[in-house]
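Shown next: data.cif, containing mmCIF, C-alpha atoms and all ligand atoms.
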data_query
loop_
_atom_site.label_atom_id
_atom_site.label_comp_id
_atom_site.auth_asym_id
_atom_site.auth_seq_id
_atom_site.Cartn_x
_atom_site.Cartn_y
_atom_site.Cartn_z
CA MET L 1 -3.70 -11.37 -30.33
CA LYS L 2 -0.39 -12.35 -28.74
CA TYR L 3 1.98 -10.35 -26.48
CA ASP L 4 5.15 -11.19 -24.56
CA MET L 5 3.49 -10.00 -21.37
CA ILE L 6 -0.01 -9.07 -20.19
CA VAL L 7 -0.42 -7.02 -17.01
CA VAL L 8 -3.73 -7.19 -15.15
CA GLY L 9 -4.33 -3.92 -13.25
CA GLY L 10 -3.14 -0.46 -14.23
CA ARG L 11 -2.16 1.33 -11.05
CA ILE L 12 1.29 1.34 -9.38
CA GLY L 13 2.03 -2.39 -9.57
CA GLY L 14 0.75 -2.69 -13.13
CA SER L 15 2.20 0.51 -14.57
CA VAL L 16 5.66 0.01 -13.07
CA SER L 17 6.03 -3.63 -14.16
CA SER L 18 4.79 -2.80 -17.68
CA LEU L 19 7.04 0.27 -17.91
CA ILE L 20 10.17 -1.72 -16.99
CA ALA L 21 9.26 -4.61 -19.31
CA SER L 22 8.57 -2.23 -22.23
CA GLN L 23 11.87 -0.43 -21.61
CA ASN L 24 13.45 -3.89 -21.97
CA ASP L 25 11.86 -4.33 -25.43
CA LEU L 26 8.99 -6.63 -24.49
CA ASP L 27 5.61 -6.39 -26.25
CA VAL L 28 3.35 -5.51 -23.33
CA LEU L 29 -0.40 -5.11 -22.92
CA MET L 30 -1.75 -3.62 -19.67
CA ILE L 31 -5.45 -4.13 -18.91
CA GLU L 32 -7.37 -1.94 -16.43
CA LYS L 33 -11.01 -2.47 -15.56
CA ARG L 34 -11.69 1.17 -14.66
CA GLN L 35 -12.37 3.74 -17.34
CA GLU L 36 -9.58 5.95 -16.06
CA ILE L 37 -6.22 4.95 -14.60
CA GLY L 38 -5.73 6.27 -11.07
CA THR L 39 -9.38 6.61 -10.07
CA PRO L 40 -10.96 6.07 -7.63
CA VAL L 41 -8.00 6.85 -5.39
CA GLN L 42 -8.40 4.37 -2.45
CA CYS L 43 -5.21 5.65 -0.78
CA ALA L 44 -4.07 8.26 1.77
CA GLU L 45 -1.30 8.99 -0.76
CA GLY L 46 1.64 9.15 1.68
CA THR L 47 5.03 7.87 0.55
CA THR L 48 8.72 8.77 0.80
CA TYR L 49 11.19 10.19 -1.71
CA GLN L 50 12.70 6.69 -1.92
CA THR L 51 9.85 5.80 -4.27
CA PHE L 52 11.08 8.30 -6.88
CA GLU L 53 14.65 7.10 -6.47
CA THR L 54 13.56 3.49 -6.98
CA LEU L 55 11.68 4.48 -10.11
CA ASP L 56 14.52 6.69 -11.37
CA MET L 57 12.06 9.59 -11.50
CA LYS L 58 12.66 13.24 -10.83
CA PRO L 59 10.21 14.25 -8.07
CA SER L 60 7.74 16.76 -9.51
CA LYS L 61 5.27 19.27 -8.09
CA LYS L 62 2.86 17.88 -10.69
CA TYR L 63 2.08 14.94 -8.39
CA ILE L 64 3.56 15.94 -4.99
CA CYS L 65 0.99 17.90 -2.97
CA SER L 66 2.94 18.31 0.29
CA ASP L 67 6.37 17.63 1.75
CA ILE L 68 6.21 16.26 5.27
CA GLU L 69 8.17 17.87 8.10
CA GLY L 70 6.70 16.22 11.17
CA ALA L 71 3.98 14.04 12.65
CA MET L 72 1.77 14.05 15.68
CA VAL L 73 0.36 10.92 17.34
CA HIS L 74 -2.81 11.33 19.40
CA ALA L 75 -3.55 8.78 22.16
CA PRO L 76 -7.15 7.73 22.94
CA ASP L 77 -7.28 10.16 25.90
CA GLY L 78 -6.31 13.09 23.64
CA ARG L 79 -2.67 13.31 24.76
CA SER L 80 -0.49 14.23 21.78
CA ILE L 81 3.06 13.16 21.01
CA ASP L 82 5.09 15.30 18.65
CA LEU L 83 7.40 12.76 16.98
CA PHE L 84 9.77 15.41 15.65
CA GLU L 85 10.15 17.17 19.02
CA TYR L 86 10.75 13.86 20.78
CA GLY L 87 13.44 12.89 18.26
CA LEU L 88 11.43 9.89 17.05
CA MET L 89 11.57 9.05 13.34
CA LEU L 90 13.92 12.03 12.82
CA GLU L 91 15.50 10.24 9.85
CA ASN L 92 12.12 10.19 8.11
CA PHE L 93 11.69 13.94 8.41
CA THR L 94 15.21 15.21 7.76
CA ASN L 95 16.90 12.82 5.32
CA GLU L 96 16.31 13.97 1.73
CA LYS L 97 15.96 10.37 0.53
CA THR L 98 13.61 9.03 3.18
CA LYS L 99 11.54 12.15 3.89
CA GLY L 100 7.84 11.82 3.38
CA CYS L 101 5.46 13.44 0.94
CA ILE L 102 1.80 13.29 -0.01
CA LEU L 103 1.11 12.41 -3.62
CA ASP L 104 -1.79 13.19 -5.85
CA ARG L 105 -2.28 9.60 -6.95
CA LYS L 106 -4.78 10.45 -9.63
CA ILE L 107 -1.95 12.31 -11.34
CA PHE L 108 0.91 10.05 -10.21
CA ASP L 109 -0.67 6.75 -11.27
CA LYS L 110 -1.70 8.20 -14.62
CA HIS L 111 1.78 9.69 -15.08
CA LEU L 112 3.27 6.19 -14.56
CA ALA L 113 0.83 4.72 -17.09
CA ILE L 114 1.71 7.49 -19.58
CA GLN L 115 5.45 6.78 -19.15
CA SER L 116 4.71 3.11 -19.71
CA ALA L 117 2.68 3.86 -22.85
CA LYS L 118 5.49 6.10 -24.13
CA ALA L 119 7.90 3.19 -23.63
CA GLY L 120 5.66 1.04 -25.84
CA THR L 121 3.03 -0.54 -23.56
CA GLU L 122 -0.41 -0.92 -25.11
CA ILE L 123 -3.18 -0.13 -22.64
CA MET L 124 -6.81 -1.22 -22.60
CA VAL L 125 -9.05 0.63 -20.15
CA LYS L 126 -12.59 -0.27 -19.10
CA THR L 127 -11.62 -3.87 -19.78
CA THR L 128 -11.97 -6.57 -17.14
CA VAL L 129 -9.91 -9.75 -17.07
CA LYS L 130 -12.39 -12.51 -16.32
CA ASP L 131 -10.20 -15.59 -16.55
CA LEU L 132 -6.72 -16.93 -17.19
CA ILE L 133 -5.93 -19.16 -20.16
CA ILE L 134 -4.12 -22.18 -18.75
CA LYS L 135 -2.64 -24.93 -21.00
CA ASP L 136 -0.82 -27.97 -19.60
CA GLY L 137 -0.62 -26.22 -16.21
CA ARG L 138 1.03 -23.09 -17.68
CA ILE L 139 -0.62 -19.67 -17.79
CA CYS L 140 -0.51 -18.37 -21.34
CA GLY L 141 -2.99 -15.50 -21.54
CA VAL L 142 -6.24 -14.01 -20.32
CA VAL L 143 -9.91 -13.85 -21.17
CA ALA L 144 -10.97 -10.19 -21.08
CA LYS L 145 -14.25 -8.37 -21.51
CA HIS L 146 -14.58 -4.89 -23.01
CA LEU L 147 -17.97 -3.24 -23.47
CA GLY L 148 -19.80 -6.58 -23.72
CA LYS L 149 -17.23 -8.18 -26.03
CA THR L 150 -15.23 -11.14 -24.71
CA MET L 151 -11.78 -11.87 -26.16
CA GLU L 152 -8.91 -14.28 -25.63
CA ILE L 153 -5.49 -12.63 -25.54
CA HIS L 154 -2.35 -14.77 -25.41
CA SER L 155 1.01 -14.02 -23.81
CA ASP L 156 4.12 -15.77 -22.48
CA ILE L 157 3.80 -14.12 -19.05
CA VAL L 158 0.91 -12.62 -17.09
CA ILE L 159 1.53 -10.17 -14.23
CA ALA L 160 -1.22 -10.13 -11.62
CA ALA L 161 -1.31 -6.53 -10.31
CA ASP L 162 -5.02 -6.59 -9.57
CA GLY L 163 -4.92 -5.35 -5.99
CA VAL L 164 -6.31 -6.54 -2.69
CA GLU L 165 -9.29 -8.33 -4.23
CA SER L 166 -7.03 -10.22 -6.65
CA ASN L 167 -8.91 -12.82 -8.65
CA MET L 168 -5.81 -13.68 -10.67
CA THR L 169 -3.98 -15.29 -7.73
CA ARG L 170 -7.02 -17.48 -7.05
CA LEU L 171 -7.42 -18.43 -10.73
CA ALA L 172 -3.70 -19.28 -10.89
CA GLY L 173 -4.12 -21.63 -7.94
CA LEU L 174 -1.87 -19.57 -5.68
CA ASP L 175 -2.62 -19.47 -2.02
CA ASN L 176 -4.17 -16.10 -1.19
CA PRO L 177 -5.59 -16.29 2.31
CA LYS L 178 -7.95 -13.39 2.82
CA ASN L 179 -8.88 -13.76 6.45
CA PRO L 180 -11.29 -10.84 7.05
CA LYS L 181 -9.45 -10.23 10.35
CA ASP L 182 -6.33 -9.37 8.34
CA ILE L 183 -8.02 -6.97 5.94
CA CYS L 184 -8.27 -3.41 7.15
CA SER L 185 -11.50 -1.74 5.97
CA CYS L 186 -10.91 1.90 5.14
CA ALA L 187 -12.99 4.98 4.49
CA GLN L 188 -11.60 8.37 3.63
CA TYR L 189 -12.80 11.87 2.86
CA GLU L 190 -10.85 14.50 1.02
CA LEU L 191 -11.88 17.44 3.20
CA VAL L 192 -11.75 21.17 2.62
CA GLY L 193 -11.67 23.69 5.45
CA LEU L 194 -9.71 21.83 8.13
CA ASP L 195 -7.19 24.11 9.77
CA VAL L 196 -4.01 21.98 9.86
CA ASP L 197 -0.35 22.55 9.01
CA PRO L 198 0.14 21.49 5.36
CA HIS L 199 3.42 19.74 6.25
CA TRP L 200 2.31 17.65 9.23
CA LEU L 201 0.73 14.24 9.53
CA HIS L 202 -1.69 13.33 12.33
CA PHE L 203 -2.49 9.84 13.60
CA TYR L 204 -5.31 9.13 16.07
CA PHE L 205 -5.71 5.88 18.02
CA GLY L 206 -8.49 4.43 20.16
CA ARG L 207 -11.39 1.96 20.13
CA GLU L 208 -13.93 4.78 19.78
CA ILE L 209 -12.06 6.32 16.84
CA ALA L 210 -10.73 3.41 14.77
CA PRO L 211 -10.96 -0.03 16.43
CA GLY L 212 -8.11 -2.30 15.32
CA GLY L 213 -6.55 0.46 13.21
CA TYR L 214 -5.99 4.20 13.23
CA LEU L 215 -7.27 7.46 11.81
CA TRP L 216 -5.02 9.66 9.69
CA ILE L 217 -4.99 13.25 8.53
CA PHE L 218 -2.62 13.74 5.59
CA PRO L 219 -2.46 17.26 4.13
CA LYS L 220 -2.82 17.68 0.36
CA GLY L 221 -1.17 21.07 0.13
CA LYS L 222 -2.90 24.09 1.64
CA GLU L 223 -6.39 23.47 0.31
CA SER L 224 -7.49 20.02 1.43
CA VAL L 225 -6.59 16.96 3.52
CA ASN L 226 -7.11 13.23 3.29
CA LEU L 227 -8.91 12.32 6.50
CA GLY L 228 -9.49 8.62 6.66
CA LEU L 229 -9.34 5.59 8.88
CA GLY L 230 -8.84 1.87 8.78
CA ILE L 231 -10.54 -0.56 11.14
CA ARG L 232 -10.51 -4.28 11.86
CA SER L 233 -13.75 -4.76 13.76
CA PRO L 234 -17.07 -6.28 12.72
CA GLU L 235 -19.15 -3.98 14.96
CA ASN L 236 -19.53 -1.06 12.56
CA THR L 237 -18.33 0.04 9.14
CA ALA L 238 -15.31 2.24 8.55
CA TYR L 239 -17.70 4.82 7.08
CA HIS L 240 -19.62 4.87 10.38
CA TYR L 241 -16.46 5.84 12.27
CA LEU L 242 -15.47 8.36 9.58
CA LYS L 243 -18.82 10.12 9.84
CA LYS L 244 -18.64 10.05 13.64
CA PHE L 245 -15.19 11.69 13.73
CA THR L 246 -15.89 14.31 11.07
CA ALA L 247 -19.35 15.28 12.42
CA LYS L 248 -17.70 17.62 14.90
CA LEU L 249 -15.37 19.25 12.36
CA ASP L 250 -16.02 22.45 10.46
CA ALA L 251 -14.95 21.03 7.08
CA THR L 252 -16.67 19.70 4.00
CA PRO L 253 -15.89 16.62 1.87
CA VAL L 254 -15.19 16.83 -1.85
CA GLU L 255 -14.49 13.11 -2.23
CA LEU L 256 -15.29 9.85 -0.42
CA ASN L 257 -13.27 6.68 -0.95
CA ILE L 258 -13.73 3.19 0.44
CA GLY L 259 -11.12 0.42 0.18
CA GLY L 260 -9.32 -2.46 1.85
CA VAL L 261 -5.69 -3.06 2.81
CA PRO L 262 -4.23 -6.56 3.30
CA LEU L 263 -2.35 -6.64 6.61
CA SER L 264 -1.40 -10.32 6.81
CA GLY L 265 2.00 -10.00 5.13
CA PRO L 266 3.00 -11.51 1.79
CA ILE L 267 1.39 -14.59 0.25
CA ASP L 268 3.50 -17.77 0.36
CA LYS L 269 4.31 -17.94 -3.34
CA THR L 270 4.29 -15.03 -5.82
CA TYR L 271 5.08 -16.95 -9.05
CA THR L 272 3.94 -19.95 -11.01
CA ASP L 273 4.38 -21.19 -14.59
CA GLY L 274 3.77 -18.10 -16.72
CA LEU L 275 2.65 -15.73 -13.94
CA LEU L 276 4.03 -13.27 -11.36
CA VAL L 277 2.07 -11.49 -8.61
CA VAL L 278 2.88 -7.93 -7.50
CA GLY L 279 1.62 -5.31 -5.05
CA ASP L 280 -1.47 -5.69 -2.87
CA ALA L 281 -2.35 -8.90 -4.74
CA ALA L 282 0.88 -10.37 -3.31
CA GLY L 283 0.36 -8.84 0.14
CA GLN L 284 3.37 -6.53 -0.36
CA VAL L 285 2.05 -4.06 2.22
CA ASP L 286 3.50 -3.07 5.59
CA PRO L 287 1.18 -4.80 8.12
CA ILE L 288 1.57 -2.07 10.73
CA THR L 289 1.18 1.12 8.65
CA GLY L 290 -0.80 -0.26 5.71
CA GLY L 291 1.69 1.45 3.38
CA GLY L 292 2.19 -0.29 0.05
CA ILE L 293 3.17 2.35 -2.51
CA HIS L 294 6.94 2.08 -2.13
CA ILE L 295 7.08 -1.72 -1.73
CA THR L 296 4.73 -2.23 -4.67
CA ALA L 297 6.79 0.07 -6.91
CA SER L 298 10.03 -1.71 -5.94
CA CYS L 299 8.62 -5.24 -6.38
CA ALA L 300 6.91 -4.34 -9.67
CA LYS L 301 10.25 -3.06 -10.97
CA ILE L 302 11.86 -6.41 -10.08
CA ALA L 303 8.93 -8.25 -11.73
CA GLY L 304 9.40 -6.27 -14.98
CA GLU L 305 13.14 -7.02 -15.01
CA VAL L 306 12.72 -10.74 -14.26
CA ALA L 307 9.96 -11.05 -16.89
CA ALA L 308 12.22 -9.41 -19.50
CA ARG L 309 15.07 -11.83 -18.70
CA ALA L 310 12.71 -14.82 -18.86
CA ILE L 311 11.32 -13.78 -22.26
CA LYS L 312 14.82 -13.30 -23.63
CA MET L 313 15.74 -16.80 -22.37
CA GLU L 314 12.48 -18.13 -23.90
CA ASP L 315 11.79 -19.78 -20.56
CA THR L 316 8.82 -18.55 -18.51
CA SER L 317 8.59 -21.65 -16.33
CA ALA L 318 8.06 -21.35 -12.58
CA LYS L 319 11.69 -22.38 -12.09
CA THR L 320 12.93 -19.31 -13.99
CA LEU L 321 10.30 -16.91 -12.64
CA GLN L 322 11.15 -17.91 -9.06
CA GLU L 323 14.00 -15.39 -9.34
CA TYR L 324 11.40 -12.64 -8.78
CA ASP L 325 10.22 -14.24 -5.53
CA ILE L 326 13.81 -14.60 -4.30
CA LEU L 327 14.82 -11.03 -5.19
CA TRP L 328 11.88 -9.16 -3.72
CA ARG L 329 11.88 -11.26 -0.54
CA LYS L 330 15.60 -10.53 -0.09
CA GLU L 331 14.79 -6.83 -0.05
CA PHE L 332 11.51 -6.71 1.90
CA GLU L 333 10.51 -9.97 3.57
CA GLU L 334 12.36 -9.51 6.85
CA GLY L 335 10.91 -6.00 7.33
CA LEU L 336 7.39 -7.21 6.54
CA LYS L 337 7.73 -10.12 9.00
CA THR L 338 8.94 -7.79 11.77
CA SER L 339 6.08 -5.41 11.05
CA LEU L 340 3.57 -8.26 11.21
CA LYS L 341 4.99 -9.27 14.60
CA TYR L 342 4.63 -5.67 15.86
CA ARG L 343 1.11 -5.45 14.48
CA LYS L 344 0.06 -8.63 16.29
CA ALA L 345 1.52 -7.29 19.54
CA ALA L 346 -0.10 -3.87 18.98
CA ASP L 347 -3.45 -5.66 18.48
CA LYS L 348 -3.24 -6.60 22.17
CA LEU L 349 -2.91 -3.01 23.40
CA SER L 350 -6.00 -1.60 25.10
CA ASP L 351 -6.83 2.12 25.06
CA LYS L 352 -5.55 2.22 28.66
CA ASP L 353 -2.20 0.76 27.54
CA MET L 354 -1.91 3.30 24.72
CA ASN L 355 -2.67 6.14 27.12
CA ALA L 356 -0.03 4.81 29.54
CA LEU L 357 2.55 4.58 26.73
CA ALA L 358 1.73 8.13 25.64
CA GLU L 359 2.18 9.33 29.21
CA TYR L 360 5.53 7.55 29.37
CA PHE L 361 6.72 9.33 26.19
CA VAL L 362 5.52 12.72 27.36
CA THR L 363 7.06 12.48 30.83
CA ASN L 364 10.31 10.70 29.94
CA HIS L 365 11.50 12.35 26.73
CA SER L 366 13.23 15.15 28.65
CA GLU L 367 15.38 12.50 30.36
CA ASN L 368 16.14 10.85 27.00
CA PHE L 369 14.03 7.83 27.97
CA SER L 370 16.41 6.84 30.81
CA LYS L 371 16.69 3.20 31.92
CA LEU L 372 15.33 4.17 35.34
CA GLY L 373 12.24 5.77 33.76
CA ALA L 374 11.61 2.63 31.70
CA ILE L 375 12.02 0.32 34.70
CA LYS L 376 9.61 2.44 36.77
CA PHE L 377 7.07 2.46 33.90
CA LEU L 378 7.22 -1.30 33.31
CA GLY L 379 7.00 -1.91 37.07
CA LYS L 380 3.66 -0.07 36.98
CA HIS L 381 2.51 -1.97 33.82
CA PRO L 382 3.92 -5.53 34.08
CA HIS L 383 1.69 -6.89 31.28
CA LEU L 384 3.39 -4.48 28.87
CA LEU L 385 6.73 -6.01 29.83
CA LYS L 386 5.32 -9.39 28.74
CA LEU L 387 4.26 -7.85 25.44
CA ILE L 388 7.67 -6.28 24.88
CA LYS L 389 9.26 -9.71 25.47
CA GLU L 390 6.97 -11.10 22.73
CA PHE L 391 8.28 -8.38 20.37
CA LEU L 392 11.85 -9.37 21.06
C1 LIG O 401 -7.70 3.77 2.20
C2 LIG O 401 -6.30 3.37 1.85
C3 LIG O 401 -5.26 4.20 2.21
C4 LIG O 401 -3.95 3.87 1.86
N1 LIG O 401 -2.97 4.74 2.15
C5 LIG O 401 -1.68 4.48 1.78
C6 LIG O 401 -0.65 5.43 2.02
O1 LIG O 401 -0.87 6.55 2.50
N2 LIG O 401 0.61 5.08 1.65
C7 LIG O 401 0.92 3.89 1.07
O2 LIG O 401 2.09 3.64 0.80
N3 LIG O 401 -0.06 2.98 0.83
C8 LIG O 401 -1.35 3.25 1.15
N4 LIG O 401 -2.34 2.34 0.86
C9 LIG O 401 -1.99 1.11 0.14
C10 LIG O 401 -1.72 1.40 -1.34
O3 LIG O 401 -2.79 2.16 -1.88
C11 LIG O 401 -1.56 0.07 -2.11
O4 LIG O 401 -0.60 -0.70 -1.46
C12 LIG O 401 -1.17 0.30 -3.57
O5 LIG O 401 -2.11 1.07 -4.25
C13 LIG O 401 -1.05 -1.07 -4.25
O6 LIG O 401 -0.97 -0.90 -5.65
P1 LIG O 401 -1.39 -2.08 -6.62
O7 LIG O 401 -1.07 -1.61 -7.99
O8 LIG O 401 -0.84 -3.38 -6.14
O9 LIG O 401 -2.96 -2.25 -6.42
P2 LIG O 401 -4.16 -1.24 -6.64
O10 LIG O 401 -3.74 0.16 -6.41
O11 LIG O 401 -5.29 -1.77 -5.84
O12 LIG O 401 -4.51 -1.40 -8.19
C14 LIG O 401 -5.12 -2.57 -8.70
C15 LIG O 401 -5.75 -2.21 -10.04
O13 LIG O 401 -6.20 -3.41 -10.66
C16 LIG O 401 -7.45 -3.17 -11.28
N5 LIG O 401 -8.11 -4.46 -11.44
C17 LIG O 401 -8.54 -5.30 -10.45
N6 LIG O 401 -9.07 -6.42 -10.97
C18 LIG O 401 -8.99 -6.30 -12.33
C19 LIG O 401 -9.38 -7.13 -13.41
N7 LIG O 401 -9.96 -8.33 -13.19
N8 LIG O 401 -9.17 -6.69 -14.67
C20 LIG O 401 -8.58 -5.50 -14.90
N9 LIG O 401 -8.18 -4.65 -13.90
C21 LIG O 401 -8.39 -5.06 -12.64
C22 LIG O 401 -8.14 -2.21 -10.31
O14 LIG O 401 -9.19 -1.50 -10.94
C23 LIG O 401 -6.98 -1.32 -9.89
O15 LIG O 401 -6.85 -0.19 -10.72
C24 LIG O 401 -3.67 2.64 1.18
C25 LIG O 401 -4.73 1.79 0.84
C26 LIG O 401 -6.03 2.16 1.15
C27 LIG O 401 -7.16 1.25 0.75
#
Starting from the coordinates I provided, produce the structure as structure tokens.
Amino acid sequence: MKYDMIVVGGRIGGSVSSLIASQNDLDVLMIEKRQEIGTPVQCAEGTTYQTFETLDMKPSKKYICSDIEGAMVHAPDGRSIDLFEYGLMLENFTNEKTKGCILDRKIFDKHLAIQSAKAGTEIMVKTTVKDLIIKDGRICGVVAKHLGKTMEIHSDIVIAADGVESNMTRLAGLDNPKNPKDICSCAQYELVGLDVDPHWLHFYFGREIAPGGYLWIFPKGKESVNLGLGIRSPENTAYHYLKKFTAKLDATPVELNIGGVPLSGPIDKTYTDGLLVVGDAAGQVDPITGGGIHITASCAKIAGEVAARAIKMEDTSAKTLQEYDILWRKEFEEGLKTSLKYRKAADKLSDKDMNALAEYFVTNHSENFSKLGAIKFLGKHPHLLKLIKEFL
């Protein structure tokens, strides 16, 4: 068997890169180890309308559960900050292009795979890629296993879209540092019965709630919510904290998901001879929010376009494929680096600091966060001034 391009992984990164490559007349095979594309979900499913624009898709109620109109941040001491009321992130709530929504990823991911198949991509499900075929230092296919049968499948390019646990990057000899401190462990329930506004997000912070991360409540329409959390702490599991928080709620789970998010920023090199890396496998995730849907979709689109050009030029060498690395970094690298810097500074905030910051927001928003208010606040918390200097 021989294809122009093989894609390992069938969710957002895989489906988008294969869709774009197939639309550009490449022979594409996408391989997914799960029996069904889109499951299990392993995502809080929040994104913005920019994702649809990037993918040239008409937003549809088929896979959008909720439109987001506001968000509430809850400090460790219970103080709440209404971001909309305080004029923070207004752009995200009011601009048609950047406003947020909650997807149904089981439907969305499968919809992307269906579009890709309709454009000509062949798809193998319940098939695991075990190895890469490498000849003279160039990747030229994969070894895959389907229902006990092992097969070699050849291609001119392989796209590694195999997520946070990416084996493909390691097999390709690309540096993929997975420092456990930089992986956020997540656990999430889809809960029924929680009385929350179906258009509002909630974020909870604090060592007792989600050490080294945060807890989220994202509404999935009127009937259910994604309530999950991510932690970076060896003391207990994410599931432990999830059970602790939900024990006091009058709501019942209909789904439990466990997963990891890479928060260390992008890997150093996302291409080699015959291979490109996209999505979580490449660390294309915002290190502060853990959001990767939009970045993955955008980078996978670039990967599909670059792969198509390379095949047409009959040159899939690292030198040609480097164009992908240059293009996606041009669009996202600076933002990811800034986010990583913020995340490292935020790691140093204690619960007391977060409570103090929340108090500052609550008491100063009526004065439009005047300079005098800020000076008084930083005078009371000089170590935060040091931290702000680190940011800048
Ligand atoms: C709990 C949680 C909540 C999140 N919430 C959000 C959110 O609200 N908003 C947001 O923007 N982002 C969120 N993210 C991040 C987002 O889900 C990812 O960034 C995004 O799914 C990355 O897509 P991907 O295609 O690169 O990887 P994945 O979605 O991980 O897909 C990788 C696919 O590859 C397959 N695969 C792996 N190895 C092989 C193999 N050897 N052979 C064949 N197939 C293989 C897997 O089965 C999987 O289907 C969240 C992540 C988690 C874990």
Could you list, as a tab-separated table (two decimals) with C-alpha atoms, in the frame of the given file, all protein and nucleic acid residues with an atom at most 7 Å from ligand LIG 401 (chain O), counting only C-alpha atoms and all ligand atoms?
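Output saved as pocket_36.tsv:
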chain	number	residue	atom	x	y	z
L	8	VAL	CA	-3.73	-7.19	-15.15
L	9	GLY	CA	-4.33	-3.92	-13.25
L	10	GLY	CA	-3.14	-0.46	-14.23
L	11	ARG	CA	-2.16	1.33	-11.05
L	12	ILE	CA	1.29	1.34	-9.38
L	13	GLY	CA	2.03	-2.39	-9.57
L	14	GLY	CA	0.75	-2.69	-13.13
L	31	ILE	CA	-5.45	-4.13	-18.91
L	32	GLU	CA	-7.37	-1.94	-16.43
L	33	LYS	CA	-11.01	-2.47	-15.56
L	34	ARG	CA	-11.69	1.17	-14.66
L	37	ILE	CA	-6.22	4.95	-14.60
L	38	GLY	CA	-5.73	6.27	-11.07
L	42	GLN	CA	-8.40	4.37	-2.45
L	43	CYS	CA	-5.21	5.65	-0.78
L	44	ALA	CA	-4.07	8.26	1.77
L	45	GLU	CA	-1.30	8.99	-0.76
L	46	GLY	CA	1.64	9.15	1.68
L	47	THR	CA	5.03	7.87	0.55
L	127	THR	CA	-11.62	-3.87	-19.78
L	128	THR	CA	-11.97	-6.57	-17.14
L	129	VAL	CA	-9.91	-9.75	-17.07
L	130	LYS	CA	-12.39	-12.51	-16.32
L	161	ALA	CA	-1.31	-6.53	-10.31
L	162	ASP	CA	-5.02	-6.59	-9.57
L	163	GLY	CA	-4.92	-5.35	-5.99
L	164	VAL	CA	-6.31	-6.54	-2.69
L	165	GLU	CA	-9.29	-8.33	-4.23
L	166	SER	CA	-7.03	-10.22	-6.65
L	167	ASN	CA	-8.91	-12.82	-8.65
L	186	CYS	CA	-10.91	1.90	5.14
L	187	ALA	CA	-12.99	4.98	4.49
L	188	GLN	CA	-11.60	8.37	3.63
L	228	GLY	CA	-9.49	8.62	6.66
L	230	GLY	CA	-8.84	1.87	8.78
L	258	ILE	CA	-13.73	3.19	0.44
L	259	GLY	CA	-11.12	0.42	0.18
L	260	GLY	CA	-9.32	-2.46	1.85
L	261	VAL	CA	-5.69	-3.06	2.81
L	278	VAL	CA	2.88	-7.93	-7.50
L	279	GLY	CA	1.62	-5.31	-5.05
L	280	ASP	CA	-1.47	-5.69	-2.87
L	281	ALA	CA	-2.35	-8.90	-4.74
L	285	VAL	CA	2.05	-4.06	2.22
L	290	GLY	CA	-0.80	-0.26	5.71
L	291	GLY	CA	1.69	1.45	3.38
L	292	GLY	CA	2.19	-0.29	0.05
L	293	ILE	CA	3.17	2.35	-2.51
L	294	HIS	CA	6.94	2.08	-2.13
L	296	THR	CA	4.73	-2.23	-4.67
What are the closest atom pairs, with distances in Å to one decimal, for each residue of range 154-207 of chain L lying within 12 Å of range 340-347 of chain L, using all atoms listed in the file, rows by chain and rising residue number, as a tab-separated table?
residue	atom	partner	partner_atom	distance
L:Lys181	CA	L:Asp347	CA	11.1
L:Asp182	CA	L:Lys344	CA	10.2
L:Phe205	CA	L:Ala346	CA	11.3
L:Gly206	CA	L:Asp347	CA	11.4
L:Arg207	CA	L:Asp347	CA	11.1
Could you name the residues that touch range 246-255 of chain L at 6 Å or less, counting all atoms listed in the file, but leaving out those on the same chain fewer than 3 positions away, as a count of residues only? 7
Could you please determine the separation between CA of Lys376 in chain L and CA of Tyr214 in chain L in Å, to one decimal place?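 Going from CA of Lys376 in chain L over to CA of Tyr214 in chain L, I get 28.3 Å.
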Between CA of Thr270 in chain L and CA of Thr338 in chain L, distance in Å (one decimal): 19.6 Å
Could you jot down the CA of Gly265 in chain L to CA of Ser339 in chain L separation for me, Å, one decimal place?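 Going from CA of Gly265 in chain L over to CA of Ser339 in chain L covers 8.5 Å.
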Select from range 82-161 of chain L every residue with an atom at most 7 Å from any atom of range 62-70 of chain L, then for each give the shortest pair of atoms and their distance in Å to one decimal, using all atoms listed in the file, rows by chain and rising number, as a tab-separated table.
residue	atom	partner	partner_atom	distance
L:Leu83	CA	L:Gly70	CA	6.8
L:Phe84	CA	L:Gly70	CA	5.5
L:Phe93	CA	L:Glu69	CA	5.3
L:Lys99	CA	L:Ile68	CA	6.9
L:Gly100	CA	L:Ile68	CA	5.1
L:Cys101	CA	L:Asp67	CA	4.4
L:Ile102	CA	L:Ser66	CA	5.2
L:Leu103	CA	L:Ile64	CA	4.5
L:Asp104	CA	L:Tyr63	CA	4.9
L:Ile107	CA	L:Tyr63	CA	5.6
L:Phe108	CA	L:Tyr63	CA	5.3
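In terms of minimum interatomic distance to Ala238 in chain L, L:Glu208 ranks closest within L:Asp175, L:Glu208, L:Glu223, L:Glu333, counting only C-alpha atoms.
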Pick out the closest residue to Arg138 in chain L from this set: L:Phe203, L:Phe52, L:Tyr271, L:Phe377. Count only C-alpha atoms. L:Tyr271
Considering all atoms listed in the file, state which residue in the set L:Ala358, L:Ala374, L:Asn364, L:Ile231 is at the smallest distance from His74 in chain L.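 Closest to His74 in chain L of all the choices is L:Ala358.
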Using all atoms listed in the file, which of L:Ser22, L:Ser80, L:Ser116, L:Thr51 sits nearest Tyr204 in chain L? L:Ser80
Using only C-alpha atoms, find the one residue out of L:Val73, L:Leu242, L:Leu215, L:Cys299 that sits nearest to Lys330 in chain L.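 Result for the nearest residue to Lys330 in chain L: L:Cys299.
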